[in-house]
>>> print(open('model_28.cif').read())   # mmCIF, C-alpha atoms
data_my_file
loop_
_atom_site.label_atom_id
_atom_site.label_comp_id
_atom_site.auth_asym_id
_atom_site.auth_seq_id
_atom_site.Cartn_x
_atom_site.Cartn_y
_atom_site.Cartn_z
CA MET S 1 -9.38 6.17 -29.21
CA GLU S 2 -6.31 5.34 -27.22
CA TYR S 3 -7.21 7.80 -24.48
CA PHE S 4 -10.61 6.17 -24.24
CA LEU S 5 -8.98 2.75 -23.81
CA ILE S 6 -6.66 4.13 -21.13
CA ILE S 7 -9.63 5.52 -19.22
CA ILE S 8 -11.71 2.33 -19.39
CA SER S 9 -8.70 0.21 -18.49
CA ALA S 10 -7.69 2.37 -15.52
CA ILE S 11 -11.17 2.76 -14.06
CA PHE S 12 -12.70 -0.68 -14.55
CA VAL S 13 -10.29 -3.35 -15.74
CA ASN S 14 -7.23 -2.56 -13.64
CA ASN S 15 -9.02 -0.72 -10.87
CA ILE S 16 -6.26 0.54 -8.58
CA MET S 17 -8.00 -0.63 -5.44
CA LEU S 18 -9.88 -3.74 -6.45
CA ALA S 19 -7.29 -5.22 -8.81
CA GLN S 20 -3.97 -3.65 -7.77
CA PHE S 21 -4.51 -3.28 -3.99
CA LEU S 22 -3.08 0.21 -3.73
CA GLY S 23 -4.42 2.52 -1.05
CA THR S 24 -6.08 -0.13 1.09
CA CYS S 25 -5.56 1.57 4.47
CA PRO S 26 -7.49 4.78 3.72
CA PHE S 27 -9.98 2.72 1.73
CA ILE S 28 -10.88 0.70 4.80
CA GLY S 29 -10.35 3.65 7.15
CA VAL S 30 -12.60 6.35 5.70
CA SER S 31 -15.27 4.32 3.91
CA ASN S 32 -17.58 4.23 6.94
CA LYS S 33 -19.68 7.06 5.63
CA LEU S 34 -20.60 8.09 2.12
CA SER S 35 -19.80 11.76 2.75
CA THR S 36 -16.26 11.14 4.02
CA ALA S 37 -15.63 8.70 1.18
CA THR S 38 -16.64 11.36 -1.34
CA GLY S 39 -14.37 13.95 0.30
CA MET S 40 -11.43 11.59 0.34
CA SER S 41 -11.93 10.59 -3.32
CA GLY S 42 -11.90 14.25 -4.32
CA ALA S 43 -8.68 14.93 -2.44
CA VAL S 44 -7.00 11.79 -3.78
CA THR S 45 -7.96 12.54 -7.39
CA PHE S 46 -6.48 15.99 -7.10
CA VAL S 47 -3.22 14.86 -5.49
CA ILE S 48 -2.66 11.77 -7.66
CA THR S 49 -3.04 13.73 -10.89
CA LEU S 50 -0.79 16.57 -9.75
CA ALA S 51 1.83 14.34 -8.10
CA THR S 52 2.09 12.04 -11.11
CA LEU S 53 2.53 15.02 -13.42
CA VAL S 54 5.29 16.53 -11.27
CA THR S 55 7.15 13.27 -10.61
CA TRP S 56 6.97 12.36 -14.31
CA LEU S 57 8.64 15.65 -15.21
CA ILE S 58 11.23 15.30 -12.45
CA ASN S 59 12.02 11.77 -13.52
CA LYS S 60 12.43 12.71 -17.18
CA TYR S 61 14.27 16.01 -16.91
CA LEU S 62 16.22 15.59 -13.69
CA LEU S 63 16.79 11.97 -12.73
CA ILE S 64 17.27 10.51 -16.22
CA THR S 65 19.25 13.49 -17.52
CA PHE S 66 21.75 13.24 -14.67
CA HIS S 67 21.64 9.41 -14.40
CA LEU S 68 20.23 9.47 -10.88
CA GLU S 69 17.47 6.87 -11.42
CA PHE S 70 18.43 5.09 -8.19
CA LEU S 71 17.17 8.12 -6.26
CA GLN S 72 13.66 7.58 -7.64
CA THR S 73 12.08 6.31 -4.42
CA ILE S 74 13.55 9.04 -2.22
CA ALA S 75 12.90 11.84 -4.71
CA PHE S 76 9.31 10.81 -5.38
CA ILE S 77 8.26 10.51 -1.76
CA LEU S 78 9.79 13.90 -0.97
CA VAL S 79 8.02 15.49 -3.91
CA ILE S 80 4.71 13.98 -2.84
CA ALA S 81 5.10 15.06 0.78
CA ALA S 82 6.06 18.58 -0.28
CA LEU S 83 3.29 18.74 -2.83
CA VAL S 84 0.63 17.77 -0.31
CA GLN S 85 1.84 20.58 1.95
CA VAL S 86 1.81 23.10 -0.92
CA VAL S 87 -1.64 22.02 -2.05
CA GLU S 88 -2.87 22.47 1.48
CA ILE S 89 -1.45 25.99 1.77
CA VAL S 90 -2.64 27.09 -1.67
CA LEU S 91 -6.13 25.70 -1.21
CA LYS S 92 -6.45 27.39 2.15
CA LYS S 93 -5.64 30.71 0.48
CA ILE S 94 -7.56 30.57 -2.79
CA SER S 95 -10.49 28.29 -2.09
CA PRO S 96 -11.39 28.07 1.59
CA ALA S 97 -14.59 26.21 0.75
CA LEU S 98 -12.74 23.40 -1.02
CA TYR S 99 -10.13 23.40 1.74
CA GLN S 100 -12.87 22.96 4.30
CA ALA S 101 -14.27 20.06 2.33
CA LEU S 102 -10.95 18.28 1.73
CA GLY S 103 -8.97 19.70 4.64
CA ILE S 104 -8.74 16.80 7.05
CA TYR S 105 -8.00 14.26 4.31
CA LEU S 106 -5.10 16.08 2.70
CA PRO S 107 -2.33 15.26 5.24
CA LEU S 108 -3.38 11.60 5.19
CA ILE S 109 -2.66 11.36 1.49
CA THR S 110 1.14 11.47 1.83
CA THR S 111 1.09 7.93 3.17
CA ASN S 112 -1.52 6.68 0.71
CA CYS S 113 0.46 4.22 -1.34
CA ALA S 114 -1.81 4.78 -4.33
CA VAL S 115 -0.08 8.14 -4.92
CA LEU S 116 3.49 6.80 -4.85
CA GLY S 117 2.31 3.65 -6.61
CA VAL S 118 0.90 5.47 -9.64
CA ALA S 119 3.91 7.79 -9.79
CA ILE S 120 6.34 4.86 -9.87
CA ASN S 121 4.15 2.78 -12.18
CA VAL S 122 3.96 5.33 -14.97
CA VAL S 123 7.73 5.79 -15.17
CA THR S 124 8.75 2.14 -14.88
CA LYS S 125 6.00 0.00 -16.37
CA GLU S 126 5.28 -0.46 -20.07
CA PHE S 127 1.59 -0.27 -20.92
CA SER S 128 -0.23 -1.62 -23.91
CA PHE S 129 -3.83 -0.76 -24.73
CA GLY S 130 -6.14 -2.46 -27.20
CA GLY S 131 -3.48 -4.81 -28.51
CA GLY S 132 -1.07 -1.97 -29.37
CA PRO S 133 2.68 -2.25 -28.72
CA ALA S 134 3.84 -1.94 -25.10
CA HIS S 135 5.41 1.45 -24.43
CA LEU S 136 6.18 3.89 -21.63
CA LEU S 137 3.50 6.56 -21.40
CA ASN S 138 4.16 10.04 -22.74
CA LEU S 139 3.05 13.16 -20.89
CA PRO S 140 -0.59 13.50 -22.08
CA GLU S 141 -1.14 9.76 -21.65
CA THR S 142 0.36 9.93 -18.17
CA ILE S 143 -2.02 12.68 -17.10
CA VAL S 144 -5.04 10.86 -18.52
CA TYR S 145 -3.94 7.60 -16.91
CA ALA S 146 -3.35 9.20 -13.50
CA PHE S 147 -6.65 11.03 -13.55
CA ALA S 148 -8.61 7.95 -14.64
CA THR S 149 -6.88 5.77 -12.06
CA ALA S 150 -7.83 8.21 -9.35
CA LEU S 151 -11.42 8.24 -10.59
CA GLY S 152 -11.39 4.45 -10.36
CA TYR S 153 -10.20 4.69 -6.76
CA GLY S 154 -12.99 7.15 -6.01
CA LEU S 155 -15.55 4.92 -7.69
CA ALA S 156 -14.49 1.88 -5.66
CA MET S 157 -14.47 3.88 -2.45
CA ILE S 158 -17.90 5.45 -2.98
CA LEU S 159 -19.46 2.12 -4.03
CA PHE S 160 -17.99 0.47 -0.98
CA ALA S 161 -19.07 3.23 1.39
CA GLY S 162 -22.62 2.82 0.12
CA LEU S 163 -22.47 -0.92 0.82
CA ARG S 164 -20.91 -0.41 4.21
CA GLU S 165 -23.62 1.99 5.36
CA HIS S 166 -26.13 -0.78 4.78
CA LEU S 167 -23.86 -3.30 6.48
CA GLU S 168 -24.04 -1.25 9.67
CA LEU S 169 -27.73 -2.03 10.01
CA ASN S 170 -27.31 -5.78 9.74
CA ASP S 171 -26.85 -8.23 12.55
CA VAL S 172 -23.32 -9.48 11.89
CA PRO S 173 -21.79 -12.29 14.04
CA LYS S 174 -19.39 -10.94 16.66
CA ALA S 175 -16.13 -12.22 15.21
CA PHE S 176 -17.04 -10.79 11.78
CA ARG S 177 -17.88 -7.28 12.99
CA GLY S 178 -15.94 -4.30 11.69
CA VAL S 179 -12.98 -4.92 9.43
CA PRO S 180 -13.37 -8.67 8.67
CA ILE S 181 -16.83 -8.29 7.16
CA ALA S 182 -15.60 -5.20 5.31
CA PHE S 183 -12.85 -7.29 3.68
CA ILE S 184 -15.26 -10.02 2.70
CA THR S 185 -17.52 -7.39 1.13
CA VAL S 186 -14.60 -5.88 -0.81
CA GLY S 187 -13.77 -9.40 -1.97
CA ILE S 188 -17.22 -9.80 -3.47
CA LEU S 189 -16.98 -6.32 -5.01
CA ALA S 190 -13.62 -7.29 -6.53
CA LEU S 191 -15.19 -10.47 -7.86
CA ALA S 192 -17.80 -8.32 -9.60
CA PHE S 193 -15.07 -6.11 -11.08
CA MET S 194 -13.29 -9.19 -12.43
CA GLY S 195 -16.15 -9.32 -14.91
CA PHE S 196 -14.58 -6.34 -16.67
CA SER S 197 -11.30 -8.11 -17.38
CA GLY S 198 -10.68 -8.76 -21.02
CA ILE S 199 -12.80 -5.91 -22.41
CA VAL S 200 -9.75 -3.78 -23.22
CA MET P 1 8.79 -4.99 29.83
CA ASN P 2 11.63 -7.43 29.34
CA LYS P 3 13.52 -7.99 26.12
CA LEU P 4 11.70 -11.19 25.23
CA GLN P 5 8.29 -9.55 25.53
CA LEU P 6 9.47 -6.69 23.30
CA PHE P 7 10.22 -9.26 20.67
CA THR P 8 7.16 -11.50 21.04
CA LYS P 9 4.43 -8.89 21.36
CA GLY P 10 4.56 -8.18 17.64
CA ILE P 11 3.67 -11.73 16.77
CA VAL P 12 0.25 -12.17 18.40
CA LYS P 13 -0.71 -9.42 20.83
CA GLU P 14 0.23 -6.52 18.58
CA ASN P 15 0.25 -8.35 15.28
CA PRO P 16 0.58 -5.61 12.63
CA ILE P 17 -1.91 -7.16 10.21
CA PHE P 18 -4.60 -8.80 12.30
CA VAL P 19 -4.66 -6.44 15.28
CA LEU P 20 -3.17 -3.10 14.22
CA LEU P 21 -4.37 -3.30 10.59
CA LEU P 22 -1.22 -1.71 9.21
CA GLY P 23 0.48 -2.36 5.90
CA LEU P 24 -2.49 -3.93 4.19
CA CYS P 25 -1.55 -3.13 0.58
CA PRO P 26 1.51 -5.39 0.31
CA THR P 27 -0.34 -7.98 2.40
CA LEU P 28 -3.06 -8.28 -0.19
CA ALA P 29 -0.97 -7.81 -3.28
CA THR P 30 2.06 -10.02 -2.77
CA THR P 31 0.54 -13.08 -1.08
CA THR P 32 -0.22 -15.00 -4.26
CA SER P 33 1.97 -17.78 -2.87
CA ALA P 34 3.61 -18.62 0.45
CA ILE P 35 7.10 -17.91 -0.92
CA ASN P 36 6.09 -14.48 -2.25
CA GLY P 37 4.40 -13.55 1.01
CA MET P 38 7.44 -14.63 2.99
CA SER P 39 9.85 -12.69 0.76
CA MET P 40 7.77 -9.54 1.10
CA GLY P 41 7.67 -10.03 4.87
CA LEU P 42 11.43 -10.47 5.10
CA ALA P 43 12.05 -7.43 2.89
CA THR P 44 9.89 -5.32 5.19
CA LEU P 45 11.60 -6.82 8.26
CA PHE P 46 14.98 -5.72 6.88
CA VAL P 47 13.84 -2.10 6.45
CA LEU P 48 11.94 -2.11 9.74
CA VAL P 49 14.90 -3.22 11.88
CA LEU P 50 17.40 -0.87 10.25
CA SER P 51 15.13 2.17 10.19
CA ASN P 52 14.04 1.58 13.79
CA MET P 53 17.69 1.49 14.88
CA ALA P 54 18.68 4.56 12.87
CA ILE P 55 15.67 6.57 13.99
CA SER P 56 16.16 5.70 17.65
CA ALA P 57 19.77 6.90 17.31
CA ILE P 58 18.94 10.24 15.66
CA ALA P 59 15.57 10.98 17.30
CA PRO P 60 16.87 13.11 20.20
CA ARG P 61 18.62 15.45 17.75
CA VAL P 62 15.76 15.86 15.27
CA PRO P 63 13.65 19.02 15.75
CA ASP P 64 10.04 18.13 16.44
CA LYS P 65 8.61 20.15 13.56
CA VAL P 66 10.40 18.26 10.81
CA HIS P 67 10.52 14.81 12.33
CA ILE P 68 8.10 13.15 9.88
CA PRO P 69 9.98 14.23 6.70
CA VAL P 70 13.27 13.22 8.34
CA TYR P 71 11.94 9.77 9.24
CA ILE P 72 10.57 9.32 5.72
CA VAL P 73 13.96 10.14 4.20
CA VAL P 74 15.68 7.67 6.55
CA ILE P 75 13.18 4.97 5.62
CA ALA P 76 13.43 5.77 1.89
CA THR P 77 17.22 5.46 2.14
CA PHE P 78 17.02 1.96 3.62
CA VAL P 79 14.44 0.99 1.00
CA THR P 80 16.84 2.10 -1.73
CA VAL P 81 19.60 0.02 -0.11
CA LEU P 82 17.21 -2.94 -0.06
CA GLN P 83 16.41 -2.41 -3.75
CA PHE P 84 20.13 -2.63 -4.60
CA VAL P 85 20.64 -5.70 -2.43
CA MET P 86 17.66 -7.50 -3.94
CA GLN P 87 18.54 -6.54 -7.51
CA ALA P 88 21.98 -8.03 -6.98
CA TRP P 89 21.20 -11.20 -5.01
CA THR P 90 17.57 -12.14 -5.63
CA PRO P 91 16.66 -10.62 -9.01
CA VAL P 92 13.76 -13.06 -9.60
CA ILE P 93 12.00 -12.20 -6.33
CA TYR P 94 12.72 -8.51 -6.89
CA LYS P 95 10.92 -8.74 -10.21
CA THR P 96 7.94 -10.66 -8.80
CA LEU P 97 7.39 -8.23 -5.93
CA GLY P 98 7.99 -5.31 -8.31
CA LEU P 99 6.29 -2.10 -7.27
CA PHE P 100 5.79 -3.22 -3.69
CA ILE P 101 9.48 -3.00 -2.80
CA PRO P 102 9.68 0.80 -3.32
CA LEU P 103 6.25 1.05 -1.69
CA ILE P 104 7.74 -0.14 1.64
CA VAL P 105 8.47 3.58 2.10
CA VAL P 106 4.78 4.29 2.60
CA ASN P 107 4.08 1.10 4.55
CA CYS P 108 2.40 2.39 7.68
CA ILE P 109 4.10 -0.26 9.84
CA VAL P 110 7.54 1.25 9.31
CA LEU P 111 6.59 4.87 9.98
CA GLY P 112 4.19 3.72 12.68
CA ARG P 113 6.91 1.92 14.67
CA ALA P 114 9.22 4.91 14.24
CA GLU P 115 6.57 7.20 15.70
CA ALA P 116 5.21 4.89 18.36
CA PHE P 117 8.34 3.16 19.58
CA ALA P 118 11.75 3.94 18.10
CA ASN P 119 11.79 7.69 18.78
CA GLN P 120 11.54 7.20 22.55
CA ASN P 121 13.49 3.97 23.15
CA GLY P 122 17.08 2.77 22.94
CA ILE P 123 18.74 1.28 19.87
CA ILE P 124 18.68 -2.34 21.06
CA ASP P 125 15.07 -2.19 22.23
CA SER P 126 14.08 -0.58 18.94
CA ALA P 127 15.87 -3.29 16.98
CA LEU P 128 14.03 -5.97 18.98
CA ASP P 129 10.72 -4.20 18.46
CA GLY P 130 11.40 -3.98 14.71
CA LEU P 131 12.38 -7.64 14.65
CA GLY P 132 9.21 -8.69 16.50
CA GLN P 133 6.90 -6.59 14.34
CA GLY P 134 8.71 -7.76 11.22
CA MET P 135 8.34 -11.39 12.30
CA GLY P 136 4.63 -10.87 12.99
CA PHE P 137 4.24 -9.31 9.56
CA THR P 138 6.23 -12.08 7.85
CA PHE P 139 4.24 -14.74 9.71
CA SER P 140 0.89 -13.20 8.71
CA LEU P 141 1.93 -12.84 5.07
CA THR P 142 3.24 -16.40 4.91
CA VAL P 143 0.02 -17.81 6.36
CA LEU P 144 -2.14 -15.76 4.01
CA GLY P 145 0.08 -16.72 1.06
CA LEU P 146 -0.08 -20.37 2.06
CA VAL P 147 -3.89 -20.38 2.27
CA ARG P 148 -4.22 -18.67 -1.10
CA GLU P 149 -1.64 -20.94 -2.69
CA VAL P 150 -3.31 -24.12 -1.41
CA LEU P 151 -6.76 -23.00 -2.61
CA GLY P 152 -5.68 -21.15 -5.72
CA SER P 153 -2.99 -23.29 -7.29
CA GLY P 154 -3.11 -26.50 -5.27
CA SER P 155 0.47 -26.35 -4.04
CA VAL P 156 2.44 -25.76 -0.83
CA PHE P 157 5.59 -23.62 -1.08
CA GLY P 158 5.65 -24.38 -4.81
CA LEU P 159 5.18 -28.15 -4.47
CA LYS P 160 2.00 -29.20 -6.29
CA PHE P 161 -0.28 -31.76 -4.65
CA ILE P 162 -3.08 -31.82 -7.22
CA SER P 163 -2.89 -32.08 -10.99
CA GLY P 164 -4.29 -29.18 -12.97
CA ASP P 165 -5.31 -25.79 -11.59
CA GLY P 166 -6.86 -24.82 -8.29
CA ILE P 167 -9.62 -22.26 -7.78
CA LEU P 168 -8.04 -19.49 -9.79
CA ALA P 169 -10.01 -16.67 -8.13
CA PHE P 170 -7.98 -17.20 -4.94
CA VAL P 171 -4.68 -16.18 -6.49
CA MET P 172 -6.40 -13.18 -8.07
CA ALA P 173 -7.68 -10.02 -6.38
CA PRO P 174 -11.00 -11.21 -4.87
CA GLY P 175 -9.33 -14.17 -3.15
CA ALA P 176 -6.93 -11.84 -1.35
CA PHE P 177 -9.73 -9.87 0.26
CA LEU P 178 -11.84 -12.93 1.07
CA CYS P 179 -8.96 -14.92 2.60
CA LEU P 180 -7.76 -11.98 4.69
CA GLY P 181 -11.32 -11.35 5.88
CA TYR P 182 -11.83 -14.94 6.97
CA LEU P 183 -8.36 -15.20 8.55
CA MET P 184 -9.18 -12.09 10.59
CA VAL P 185 -12.39 -13.76 11.75
CA LEU P 186 -10.42 -16.82 12.90
CA PHE P 187 -7.85 -14.60 14.60
CA ASN P 188 -10.59 -12.65 16.43
CA LYS P 189 -12.30 -15.84 17.47
CA PHE P 190 -9.34 -17.82 18.79
CA LEU P 191 -6.33 -15.61 19.51
CA LYS P 192 -7.43 -12.09 20.37
CA LYS P 193 -8.27 -11.65 24.01
#
>>> encode(input="model_28.cif", output="structure tokens")
Amino acid sequence: MEYFLIIISAIFVNNIMLAQFLGTCPFIGVSNKLSTATGMSGAVTFVITLATLVTWLINKYLLITFHLEFLQTIAFILVIAALVQVVEIVLKKISPALYQALGIYLPLITTNCAVLGVAINVVTKEFSFGGGPAHLLNLPETIVYAFATALGYGLAMILFAGLREHLELNDVPKAFRGVPIAFITVGILALAFMGFSGIV
Amino acid sequence: MNKLQLFTKGIVKENPIFVLLLGLCPTLATTTSAINGMSMGLATLFVLVLSNMAISAIAPRVPDKVHIPVYIVVIATFVTVLQFVMQAWTPVIYKTLGLFIPLIVVNCIVLGRAEAFANQNGIIDSALDGLGQGMGFTFSLTVLGLVREVLGSGSVFGLKFISGDGILAFVMAPGAFLCLGYLMVLFNKFLKK
């Protein structure tokens, strides 16, 4: 039951993009076309889940054990940067097809603040689901949370890319063209997602 | 380009938010009020100036292949310093801004200025560039925060001018996107040439 609540909460209620504003730059940058949005969501899901798992372990068994919590920011960003490189190399070797599909988006992910954001969130913030007591997430919960959060990011991005493809065909006033109208559209999308608040 | 231009170009002509579209996450997330927006802007300005100076000093000695990881470590170091400073002196603001202080590391403005300016210019020029960009960022965040605060909670810098609540949606997520969108429209219409 609790895992179910985590998933619903991470995808709909606290959507990482539409409620927490993490990962806005790539969200605006690659959501021009549905196909690129899908590719980017796949790559982000993969990296967020893996990076959160690794940083959670590093935080628990290295930083906390040796009282080095102040190095969190530096350690996490290095881990993420290294991980993205490793993922790139491994994918190229074992699954060239997937690498082809995700290839160009992978290097961009290092500077996607959603990745660092989720990694820091799960080790510092106390969560409470369905009225239960607030607590730091344990390992299985962390993995479920990270994966669901990434799915939520993908959902928002794919929805938005669909909207934006239609937007292209409309006659938008000059000053609104491009990014401004995109932001106003995301605002309305976020307004729709606000309807989910309170269900978990 | 003279020193004054270096400093002022970040405010309108190369405004990081409205023109370059960099660092949008903290812009949207922390501008629930003018004070919060301004604090976030100043925090970023602090990191931006120091990392620009440090990177311009070390850039000639950094091998090209590893320059991005090196820059990220330099930036992360200054962010950690900032975290200590804020924890000690402004614990309330540190708590309000929360996650977005460590996230300055991945703020594209900081790495962007390192790549585009600091690694090929002198220390003083880089400091001025960081200061200008930081001021442009702070200015944009303060304006956005002010608009959202006026509409959302009916106050200006924390001073209430109506009784009761404002339009709550403006201090929540949708208001951030809508206000930024409309501010960009105004910026395009009147300032961008």
>>> atom_distance(input="model_28.cif", atom1="CA of Thr31 (chain P)", atom2="CA of Arg177 (chain S)")
23.9 Å
>>> atom_distance(input="model_28.cif", atom1="CA of Val84 (chain S)", atom2="CA of Gln72 (chain S)")
18.1 Å
>>> closest_residue(input="model_28.cif", among="P:Met172, P:Val66, P:Ile72, P:Ile109", to="Cys25 (chain S)", atoms="all atoms listed in the file")
P:Ile109
>>> resolve_selection(input="model_28.cif", expression="the PyMOL selection byres ((chain S) within 8 of (chain P))", output="PyMOL selection string")
chain S and resi 18-25+70-71+73-74+77-78+81+111-113+116-117+120-121+175-176+179-191
>>> atom_distance(input="model_28.cif", atom1="CA of Thr36 (chain S)", atom2="CA of His166 (chain S)")
15.5 Å
>>> residues_around(input="model_28.cif", residues="Tyr99 (chain S)", least_positions_apart="6", cutoff="8 Å", atoms="all atoms listed in the file", output="list in words")
Glu88, Leu91 and Lys92 of chain S
>>> closest_residue(input="model_28.cif", among="S:Ala150, S:Gly132, S:Phe160, S:Ala51", to="Ala119 (chain S)", atoms="only C-alpha atoms")
S:Ala51
>>> closest_residue(input="model_28.cif", among="P:Asn121, P:Phe46, P:Ser163, P:Leu4", to="Met86 (chain P)", atoms="all atoms listed in the file")
P:Phe46
>>> resolve_selection(input="model_28.cif", expression="the PyMOL selection byres ((chain P and resi 129) around 12)", output="count of residues only")
46
>>> closest_residue(input="model_28.cif", among="P:Gln87, P:Thr138, P:Thr32, P:Ser153", to="Thr44 (chain P)", atoms="all atoms listed in the file")
P:Thr138
>>> residues_around(input="model_28.cif", residues="Phe157 (chain P)", least_positions_apart="5", cutoff="9 Å", atoms="only C-alpha atoms", output="PyMOL selection string")
chain P and resi 33-35+146+149-150
>>> write_last_selection(input="model_28.cif", atoms="C-alpha atoms", output="JSON list (two decimals), in the coordinates of the input")
[["chain", "number", "residue", "atom", "x", "y", "z"],
["P", 33, "SER", "CA", 1.97, -17.78, -2.87],
["P", 34, "ALA", "CA", 3.61, -18.62, 0.45],
["P", 35, "ILE", "CA", 7.10, -17.91, -0.92],
["P", 146, "LEU", "CA", -0.08, -20.37, 2.06],
["P", 149, "GLU", "CA", -1.64, -20.94, -2.69],
["P", 150, "VAL", "CA", -3.31, -24.12, -1.41]]
>>> closest_residue(input="model_28.cif", among="S:Phe76, S:Phe127, S:Phe4, S:Tyr153", to="Val54 (chain S)", atoms="all atoms listed in the file")
S:Phe76
>>> residues_around(input="model_28.cif", residues="region 143-147 of chain S", least_positions_apart="3", cutoff="7 Å", atoms="only C-alpha atoms", output="ChimeraX atom specification")
/S:6-7,10,45,48-49,52-53,118,139-140,150-151
>>> resolve_selection(input="model_28.cif", expression="the PyMOL selection byres ((chain P and resi 141) around 8)", output="PDB file with C-alpha atoms, keeping the file's coordinate frame")
ATOM      1  CA  THR P  27      -0.340  -7.980   2.400  1.00  0.00           C
ATOM      2  CA  THR P  31       0.540 -13.080  -1.080  1.00  0.00           C
ATOM      3  CA  ALA P  34       3.610 -18.620   0.450  1.00  0.00           C
ATOM      4  CA  GLY P  37       4.400 -13.550   1.010  1.00  0.00           C
ATOM      5  CA  MET P  38       7.440 -14.630   2.990  1.00  0.00           C
ATOM      6  CA  MET P  40       7.770  -9.540   1.100  1.00  0.00           C
ATOM      7  CA  GLY P  41       7.670 -10.030   4.870  1.00  0.00           C
ATOM      8  CA  PHE P 137       4.240  -9.310   9.560  1.00  0.00           C
ATOM      9  CA  THR P 138       6.230 -12.080   7.850  1.00  0.00           C
ATOM     10  CA  PHE P 139       4.240 -14.740   9.710  1.00  0.00           C
ATOM     11  CA  SER P 140       0.890 -13.200   8.710  1.00  0.00           C
ATOM     12  CA  THR P 142       3.240 -16.400   4.910  1.00  0.00           C
ATOM     13  CA  VAL P 143       0.020 -17.810   6.360  1.00  0.00           C
ATOM     14  CA  LEU P 144      -2.140 -15.760   4.010  1.00  0.00           C
ATOM     15  CA  GLY P 145       0.080 -16.720   1.060  1.00  0.00           C
TER      16      GLY P 145
END
>>> closest_residue(input="model_28.cif", among="P:Val62, P:Leu151, P:Ala43, P:Val156", to="Thr90 (chain P)", atoms="only C-alpha atoms")
P:Ala43
